[in-house]
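*Asks:* Provided below: my_file-v1.tsv, containing TSV, C-alpha atoms.
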chain	number	residue	atom	x	y	z
A	112	MET	CA	85.34	109.66	135.00
A	113	THR	CA	83.14	108.06	132.30
A	114	GLU	CA	79.44	107.94	133.14
A	115	VAL	CA	77.98	104.44	132.85
A	116	SER	CA	74.54	104.48	131.21
A	117	GLU	CA	71.73	102.35	132.54
A	118	PRO	CA	70.97	99.18	130.54
A	119	ILE	CA	67.88	99.04	128.36
A	120	ARG	CA	65.18	97.35	130.46
A	121	VAL	CA	63.46	94.68	128.37
A	122	VAL	CA	60.28	92.71	129.10
A	123	LEU	CA	59.52	89.51	127.17
A	124	VAL	CA	55.93	88.48	126.47
A	125	ASP	CA	55.46	85.09	124.80
A	126	ASP	CA	53.47	81.97	125.61
A	127	GLN	CA	56.25	79.71	124.32
A	128	GLN	CA	58.80	79.22	127.09
A	129	LEU	CA	61.54	78.09	124.72
A	130	VAL	CA	61.17	81.28	122.67
A	131	SER	CA	61.36	83.45	125.78
A	132	ALA	CA	64.35	81.52	127.10
A	133	GLY	CA	66.20	81.94	123.81
A	134	LEU	CA	65.45	85.65	123.64
A	135	ALA	CA	66.52	86.12	127.24
A	136	MET	CA	69.88	84.43	126.59
A	137	VAL	CA	70.59	86.66	123.60
A	138	ILE	CA	69.57	89.86	125.40
A	139	GLU	CA	71.33	89.11	128.69
A	140	ALA	CA	74.58	88.59	126.76
A	141	GLN	CA	74.51	92.29	125.83
A	142	ALA	CA	76.26	94.77	128.11
A	143	ASP	CA	73.65	97.46	127.41
A	144	MET	CA	70.50	95.37	127.98
A	145	ALA	CA	68.78	93.51	130.81
A	146	VAL	CA	65.64	91.37	130.93
A	147	VAL	CA	63.62	92.77	133.85
A	148	GLY	CA	60.44	90.73	133.48
A	149	GLN	CA	58.57	88.06	131.54
A	150	ALA	CA	54.90	87.22	130.95
A	151	ALA	CA	53.26	84.26	129.24
A	152	ASP	CA	50.17	86.02	127.87
A	153	GLY	CA	48.81	89.46	127.10
A	154	ALA	CA	46.72	89.82	130.24
A	155	ALA	CA	49.70	89.01	132.46
A	156	ALA	CA	51.78	91.51	130.48
A	157	VAL	CA	49.26	94.29	131.12
A	158	ASP	CA	49.36	93.55	134.85
A	159	LEU	CA	53.15	93.27	134.92
A	160	LEU	CA	53.75	96.54	133.09
A	161	GLY	CA	51.33	98.31	135.36
A	162	GLU	CA	53.83	97.70	138.17
A	163	LEU	CA	57.19	97.36	136.42
A	164	ALA	CA	59.17	100.05	134.60
A	165	ALA	CA	60.45	98.91	131.22
A	166	ASP	CA	61.99	100.58	128.20
A	167	VAL	CA	61.23	98.00	125.50
A	168	VAL	CA	58.72	95.14	125.34
A	169	LEU	CA	59.09	92.23	122.93
A	170	MET	CA	55.47	91.16	122.43
A	171	ASP	CA	54.21	88.04	120.69
A	172	VAL	CA	51.19	88.73	118.49
A	173	ARG	CA	49.24	85.52	119.02
A	174	MET	CA	48.73	84.43	122.64
A	175	PRO	CA	45.99	82.99	124.85
A	176	GLN	CA	43.92	85.14	127.24
A	177	LEU	CA	44.71	88.38	125.41
A	178	ASP	CA	46.54	88.81	122.11
A	179	GLY	CA	49.59	91.00	121.77
A	180	ILE	CA	47.86	93.74	119.82
A	181	GLU	CA	45.13	94.31	122.41
A	182	ALA	CA	47.73	94.03	125.18
A	183	THR	CA	49.73	96.76	123.43
A	184	ARG	CA	46.70	99.05	123.33
A	185	ARG	CA	46.03	98.54	127.03
A	186	ILE	CA	49.65	98.94	128.13
A	187	LEU	CA	50.07	102.21	126.24
A	188	ALA	CA	46.67	103.55	127.33
A	189	ALA	CA	47.43	102.75	130.98
A	190	ALA	CA	50.79	104.50	130.77
A	191	ASP	CA	49.22	107.57	129.16
A	192	ALA	CA	46.44	107.68	131.76
A	193	ALA	CA	48.95	107.47	134.60
A	194	GLY	CA	51.28	110.05	133.07
A	195	ARG	CA	54.10	107.51	132.80
A	196	THR	CA	56.56	107.14	129.96
A	197	ALA	CA	55.21	104.26	127.92
A	198	PRO	CA	57.54	101.43	126.91
A	199	LYS	CA	58.37	100.93	123.25
A	200	ILE	CA	56.71	97.76	122.02
A	201	VAL	CA	58.15	95.53	119.29
A	202	MET	CA	55.72	92.93	117.99
A	203	LEU	CA	57.14	89.49	117.19
A	204	THR	CA	55.31	87.04	114.99
A	205	THR	CA	55.86	83.81	113.10
A	206	TYR	CA	53.56	85.04	110.36
A	207	ASP	CA	54.39	87.81	107.91
A	208	LEU	CA	50.79	88.93	107.52
A	209	ASP	CA	49.46	92.37	106.59
A	210	GLU	CA	46.49	92.07	108.95
A	211	TYR	CA	48.84	91.95	111.94
A	212	LEU	CA	51.25	94.54	110.61
A	213	LEU	CA	48.89	97.46	110.10
A	214	THR	CA	46.84	96.68	113.20
A	215	ALA	CA	49.98	96.49	115.34
A	216	ILE	CA	51.20	99.88	114.12
A	217	GLN	CA	47.76	101.42	114.65
A	218	ALA	CA	47.72	99.96	118.18
A	219	GLY	CA	50.90	101.89	118.94
A	220	ALA	CA	53.65	99.34	118.37
A	221	SER	CA	57.03	100.84	117.49
A	222	GLY	CA	58.31	97.77	115.70
A	223	PHE	CA	57.30	94.60	113.93
A	224	LEU	CA	59.71	91.72	113.36
A	225	LEU	CA	59.51	88.07	112.43
A	226	LYS	CA	60.59	85.58	115.08
A	227	ASN	CA	63.08	84.03	112.68
A	228	ALA	CA	64.96	87.33	112.30
A	229	PRO	CA	68.70	87.01	113.02
A	230	PRO	CA	69.66	87.88	116.62
A	231	ALA	CA	71.64	90.88	115.37
A	232	ASP	CA	68.47	92.30	113.78
A	233	LEU	CA	66.50	91.79	116.97
A	234	LEU	CA	69.13	93.51	119.11
A	235	ALA	CA	69.34	96.36	116.60
A	236	ALA	CA	65.55	96.72	116.77
A	237	ILE	CA	65.64	97.01	120.57
A	238	ARG	CA	68.29	99.70	120.41
A	239	THR	CA	66.50	101.53	117.58
A	240	VAL	CA	63.11	101.79	119.27
A	241	HIS	CA	64.76	102.68	122.59
A	242	VAL	CA	66.16	105.89	121.13
A	243	GLY	CA	62.78	106.83	119.67
A	244	ASP	CA	62.83	105.50	116.14
A	245	ALA	CA	60.70	102.69	114.74
A	246	VAL	CA	61.53	99.47	112.98
A	247	ILE	CA	59.58	97.17	110.70
A	248	ALA	CA	60.79	93.99	109.03
A	249	PRO	CA	62.11	95.08	105.61
A	250	SER	CA	59.80	92.65	103.80
A	251	ALA	CA	56.81	94.36	105.38
A	252	THR	CA	57.61	98.08	105.03
A	253	ARG	CA	56.53	98.57	101.43
A	254	ARG	CA	53.43	96.41	101.89
A	255	LEU	CA	52.38	98.44	104.93
A	256	LEU	CA	52.40	101.66	102.95
A	257	ASP	CA	50.74	100.07	99.93
A	258	HIS	CA	48.02	98.65	102.16
A	259	VAL	CA	47.32	102.02	103.77
A	260	ALA	CA	47.40	103.91	100.48
A	261	ALA	CA	45.13	101.36	98.76
A	262	GLY	CA	42.59	101.26	101.56
A	263	GLY	CA	40.42	104.12	100.36
A	264	LEU	CA	41.72	106.32	103.15
A	265	VAL	CA	42.55	109.40	101.06
A	266	PRO	CA	39.98	112.02	102.12
A	267	ALA	CA	37.85	114.02	99.73
A	268	ALA	CA	38.61	117.21	101.69
A	269	GLU	CA	41.83	118.09	103.45
A	270	ASP	CA	42.33	116.08	106.61
A	271	PRO	CA	42.19	118.36	109.70
A	272	ARG	CA	45.42	116.80	110.98
A	273	LEU	CA	47.32	118.49	108.18
A	274	GLU	CA	46.02	121.89	109.25
A	275	ARG	CA	48.08	121.57	112.43
A	276	LEU	CA	51.32	121.44	110.43
A	277	THR	CA	53.28	124.34	109.02
A	278	ASP	CA	54.24	124.28	105.34
A	279	ARG	CA	57.77	123.26	106.28
A	280	GLU	CA	56.51	120.47	108.51
A	281	ARG	CA	54.40	119.16	105.65
A	282	GLU	CA	57.50	119.13	103.47
A	283	VAL	CA	59.42	117.21	106.11
A	284	LEU	CA	56.58	114.72	106.64
A	285	GLY	CA	56.38	114.11	102.90
A	286	LEU	CA	60.09	113.27	102.83
A	287	ILE	CA	59.76	111.02	105.88
A	288	ALA	CA	57.02	109.17	103.98
A	289	GLN	CA	59.51	108.66	101.14
A	290	GLY	CA	61.82	106.88	103.59
A	291	LEU	CA	64.46	109.61	103.89
A	292	SER	CA	66.62	109.85	107.00
A	293	ASN	CA	67.03	113.10	108.94
A	294	ALA	CA	70.37	113.70	107.26
A	295	GLU	CA	68.87	113.14	103.80
A	296	ILE	CA	65.93	115.43	104.59
A	297	GLY	CA	68.36	118.12	105.76
A	298	ALA	CA	70.36	117.86	102.54
A	299	SER	CA	67.19	118.02	100.44
A	300	LEU	CA	65.80	121.09	102.21
A	301	TYR	CA	69.13	122.77	103.03
A	302	LEU	CA	68.52	122.42	106.77
A	303	SER	CA	70.78	121.24	109.57
A	304	GLU	CA	70.07	117.78	110.97
A	305	THR	CA	69.29	119.38	114.34
A	306	THR	CA	66.62	121.54	112.71
A	307	VAL	CA	65.14	118.49	110.98
A	308	LYS	CA	64.98	116.64	114.31
A	309	THR	CA	63.09	119.58	115.78
A	310	HIS	CA	60.61	119.52	112.89
A	311	VAL	CA	60.15	115.75	113.29
A	312	ARG	CA	59.48	116.14	117.01
A	313	HIS	CA	56.87	118.82	116.31
A	314	ILE	CA	55.24	116.66	113.62
A	315	LEU	CA	54.90	113.69	115.96
A	316	THR	CA	53.40	115.89	118.67
A	317	LYS	CA	50.94	117.64	116.37
A	318	LEU	CA	49.79	114.41	114.72
A	319	GLY	CA	49.53	112.65	118.07
A	320	VAL	CA	51.70	109.73	116.96
A	321	ARG	CA	54.51	107.96	118.77
A	322	ASP	CA	57.14	107.49	116.07
A	323	ARG	CA	58.14	107.88	112.43
A	324	VAL	CA	56.32	104.78	111.20
A	325	GLN	CA	53.02	106.03	112.58
A	326	ALA	CA	53.79	109.43	111.06
A	327	VAL	CA	54.22	107.75	107.67
A	328	VAL	CA	50.90	105.95	108.07
A	329	ALA	CA	49.30	109.32	108.89
A	330	ALA	CA	50.89	110.85	105.79
A	331	TYR	CA	49.20	108.21	103.62
A	332	GLU	CA	45.89	108.34	105.52
A	333	THR	CA	45.65	112.11	105.08
A	334	GLY	CA	46.54	111.96	101.40
A	335	LEU	CA	49.76	113.94	101.85
A	336	ALA	CA	51.71	110.96	100.50
A	337	ARG	CA	50.83	108.80	97.52
A	338	ARG	CA	52.12	105.49	96.28
I need this file expressed as structure tokens, please.
*Replies:*
Amino acid sequence: MTEVSEPIRVVLVDDQQLVSAGLAMVIEAQADMAVVGQAADGAAAVDLLGELAADVVLMDVRMPQLDGIEATRRILAAADAAGRTAPKIVMLTTYDLDEYLLTAIQAGASGFLLKNAPPADLLAAIRTVHVGDAVIAPSATRRLLDHVAAGGLVPAAEDPRLERLTDREREVLGLIAQGLSNAEIGASLYLSETTVKTHVRHILTKLGVRDRVQAVVAAYETGLARR
């Protein structure tokens, strides 16, 4: 008998009812997803996610009461403090602006997409962050890394975060920063994909980051990666 997996539990946070309604229609049409809650501002989202279990949150950046970035910080901090598995948060915005992008990633967001992204891209983003990867709008990825690398963040002395990594883990992190997939990293270093996944998991744990995108930011901040 085939085991039926539970649907991905999605929460929508947006102050525009028409946007939320449209997102809900698209998501509810998927067999592997379900909208389990909605909030109209960041403060309401923090309260809602303190009581409701969710896998993925689609969070608007600009909202009254509390913006999406601060709401993201509070939601993730509350989950960590309570020992709960934190939801993956994908930021949605009308504006393709660097100031939101880097701040959202630093706040702990696992994704960043424009609201005018095709529905297929949005659904793919939900599935991607649910399995532990991260997603950023393609137009923003290169600019994110350029912004971090150009921000004067390369330390004069070796960053202590790098001291936590083995030589092999540094190699893997450097290749992640170049945008290589696990399979490509394995081929480059003559490792199995399973071994690469283990290294990636250890890297995320040792750096104290939630996903690959934050690991890439850390690689640029520490000076391990260069433009």
*Asks:* Between A:Leu212, A:Val324, A:Asp191, A:Ala132, which is the closest to A:Gly243 once you count only C-alpha atoms?
*Replies:*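 Smallest distance to A:Gly243 is found for A:Val324.
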*Asks:* Atom CA of A:Gly319 to atom CA of A:Arg275: how many Å, to one decimal?
*Replies:*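 Atom-to-atom, atom CA of A:Gly319 and atom CA of A:Arg275 are spaced 10.7 Å apart.
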*Asks:* Closest to A:Gln289 among A:Asp143, A:Arg173, A:Glu162, A:Arg323, using all atoms listed in the file?
*Replies:*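 Closest to A:Gln289 of all the choices is A:Arg323.
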*Asks:* What is the distance, in Å and to one decimal place, between atom CA of A:Leu224 and atom CA of A:Ala193?
*Replies:*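 Calculated distance between atom CA of A:Leu224 and atom CA of A:Ala193 is 28.5 Å.
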*Asks:* Determine, counting all atoms listed in the file, every residue of protein, DNA or RNA that lies within 12 Å of (66.4, 111.7, 106.2) in the file coordinates, then give the result as an NGL selection string.
*Replies:* :A and (282-308 or 310-311 or 323)
*Asks:* Given the choices A:Gly179, A:Pro198, A:Pro230, A:Pro118, which gets closest to A:Ala218 if the distance is worked out from all atoms listed in the file?
*Replies:*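 Between A:Gly179, A:Pro198, A:Pro230, A:Pro118, the residue approaching A:Ala218 most closely is A:Gly179.
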*Asks:* First collect every listed atom of stretch 222-239 of chain A; then fit an axis-aligned box around them, widen it by 6 Å on each side, and give centre and edge lengths in Å to one decimal, as JSON.
*Replies:*
{"center_x": 64.5, "center_y": 92.8, "center_z": 116.4, "size_x": 26.3, "size_y": 29.5, "size_z": 20.3}
*Asks:* Start from the incomplete input, build N, CA and C atoms for stretch 185-216 of chain A, and deliver everything as an mmCIF file, keeping the file's coordinate frame.
*Replies:*
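Result saved to part.cif:
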data_model
loop_
_atom_site.group_PDB
_atom_site.id
_atom_site.type_symbol
_atom_site.label_atom_id
_atom_site.label_comp_id
_atom_site.auth_asym_id
_atom_site.auth_seq_id
_atom_site.Cartn_x
_atom_site.Cartn_y
_atom_site.Cartn_z
ATOM 1 N N ARG A 185 46.309 98.335 125.607
ATOM 2 C CA ARG A 185 46.030 98.540 127.030
ATOM 3 C C ARG A 185 47.255 99.037 127.788
ATOM 4 N N ILE A 186 48.415 98.515 127.450
ATOM 5 C CA ILE A 186 49.650 98.940 128.130
ATOM 6 C C ILE A 186 49.920 100.415 127.858
ATOM 7 N N LEU A 187 49.797 100.818 126.600
ATOM 8 C CA LEU A 187 50.070 102.210 126.240
ATOM 9 C C LEU A 187 49.007 103.150 126.803
ATOM 10 N N ALA A 188 47.747 102.718 126.777
ATOM 11 C CA ALA A 188 46.670 103.550 127.330
ATOM 12 C C ALA A 188 46.837 103.734 128.823
ATOM 13 N N ALA A 189 47.235 102.668 129.526
ATOM 14 C CA ALA A 189 47.430 102.750 130.980
ATOM 15 C C ALA A 189 48.576 103.691 131.312
ATOM 16 N N ALA A 190 49.656 103.621 130.537
ATOM 17 C CA ALA A 190 50.790 104.500 130.770
ATOM 18 C C ALA A 190 50.407 105.959 130.530
ATOM 19 N N ASP A 191 49.657 106.202 129.461
ATOM 20 C CA ASP A 191 49.220 107.570 129.160
ATOM 21 C C ASP A 191 48.304 108.108 130.265
ATOM 22 N N ALA A 192 47.382 107.258 130.726
ATOM 23 C CA ALA A 192 46.440 107.680 131.760
ATOM 24 C C ALA A 192 47.136 107.994 133.069
ATOM 25 N N ALA A 193 48.224 107.268 133.343
ATOM 26 C CA ALA A 193 48.950 107.470 134.600
ATOM 27 C C ALA A 193 50.042 108.525 134.475
ATOM 28 N N GLY A 194 50.239 109.053 133.274
ATOM 29 C CA GLY A 194 51.280 110.050 133.070
ATOM 30 C C GLY A 194 52.678 109.468 133.100
ATOM 31 N N ARG A 195 52.794 108.164 132.820
ATOM 32 C CA ARG A 195 54.100 107.510 132.800
ATOM 33 C C ARG A 195 54.643 107.467 131.381
ATOM 34 N N THR A 196 55.959 107.361 131.275
ATOM 35 C CA THR A 196 56.560 107.140 129.960
ATOM 36 C C THR A 196 56.246 105.722 129.522
ATOM 37 N N ALA A 197 55.600 105.582 128.387
ATOM 38 C CA ALA A 197 55.210 104.260 127.920
ATOM 39 C C ALA A 197 56.409 103.516 127.353
ATOM 40 N N PRO A 198 56.456 102.205 127.527
ATOM 41 C CA PRO A 198 57.540 101.430 126.910
ATOM 42 C C PRO A 198 57.356 101.387 125.397
ATOM 43 N N LYS A 199 58.437 101.173 124.690
ATOM 44 C CA LYS A 199 58.370 100.930 123.250
ATOM 45 C C LYS A 199 58.066 99.452 123.058
ATOM 46 N N ILE A 200 57.130 99.149 122.192
ATOM 47 C CA ILE A 200 56.710 97.760 122.020
ATOM 48 C C ILE A 200 57.055 97.278 120.609
ATOM 49 N N VAL A 201 57.796 96.170 120.549
ATOM 50 C CA VAL A 201 58.150 95.530 119.290
ATOM 51 C C VAL A 201 57.351 94.234 119.194
ATOM 52 N N MET A 202 56.523 94.126 118.177
ATOM 53 C CA MET A 202 55.720 92.930 117.990
ATOM 54 C C MET A 202 56.544 91.854 117.289
ATOM 55 N N LEU A 203 56.454 90.633 117.796
ATOM 56 C CA LEU A 203 57.140 89.490 117.190
ATOM 57 C C LEU A 203 56.099 88.488 116.717
ATOM 58 N N THR A 204 56.264 87.996 115.513
ATOM 59 C CA THR A 204 55.310 87.040 114.990
ATOM 60 C C THR A 204 55.991 86.023 114.091
ATOM 61 N N THR A 205 55.388 84.853 114.014
ATOM 62 C CA THR A 205 55.860 83.810 113.100
ATOM 63 C C THR A 205 55.333 84.065 111.703
ATOM 64 N N TYR A 206 54.277 84.866 111.624
ATOM 65 C CA TYR A 206 53.560 85.040 110.360
ATOM 66 C C TYR A 206 53.739 86.446 109.810
ATOM 67 N N ASP A 207 54.178 86.517 108.575
ATOM 68 C CA ASP A 207 54.390 87.810 107.910
ATOM 69 C C ASP A 207 53.093 88.231 107.225
ATOM 70 N N LEU A 208 52.117 88.643 108.041
ATOM 71 C CA LEU A 208 50.790 88.930 107.520
ATOM 72 C C LEU A 208 50.430 90.405 107.644
ATOM 73 N N ASP A 209 49.848 90.954 106.598
ATOM 74 C CA ASP A 209 49.460 92.370 106.590
ATOM 75 C C ASP A 209 48.460 92.701 107.696
ATOM 76 N N GLU A 210 47.535 91.759 107.974
ATOM 77 C CA GLU A 210 46.490 92.070 108.950
ATOM 78 C C GLU A 210 47.087 92.366 110.314
ATOM 79 N N TYR A 211 48.177 91.693 110.669
ATOM 80 C CA TYR A 211 48.840 91.950 111.940
ATOM 81 C C TYR A 211 49.660 93.235 111.862
ATOM 82 N N LEU A 212 50.328 93.420 110.755
ATOM 83 C CA LEU A 212 51.250 94.540 110.610
ATOM 84 C C LEU A 212 50.561 95.885 110.804
ATOM 85 N N LEU A 213 49.551 96.161 110.021
ATOM 86 C CA LEU A 213 48.890 97.460 110.100
ATOM 87 C C LEU A 213 48.194 97.646 111.441
ATOM 88 N N THR A 214 47.542 96.580 111.920
ATOM 89 C CA THR A 214 46.840 96.680 113.200
ATOM 90 C C THR A 214 47.819 96.931 114.339
ATOM 91 N N ALA A 215 48.980 96.296 114.292
ATOM 92 C CA ALA A 215 49.980 96.490 115.340
ATOM 93 C C ALA A 215 50.484 97.931 115.363
ATOM 94 N N ILE A 216 50.739 98.496 114.195
ATOM 95 C CA ILE A 216 51.200 99.880 114.120
ATOM 96 C C ILE A 216 50.110 100.824 114.611
#
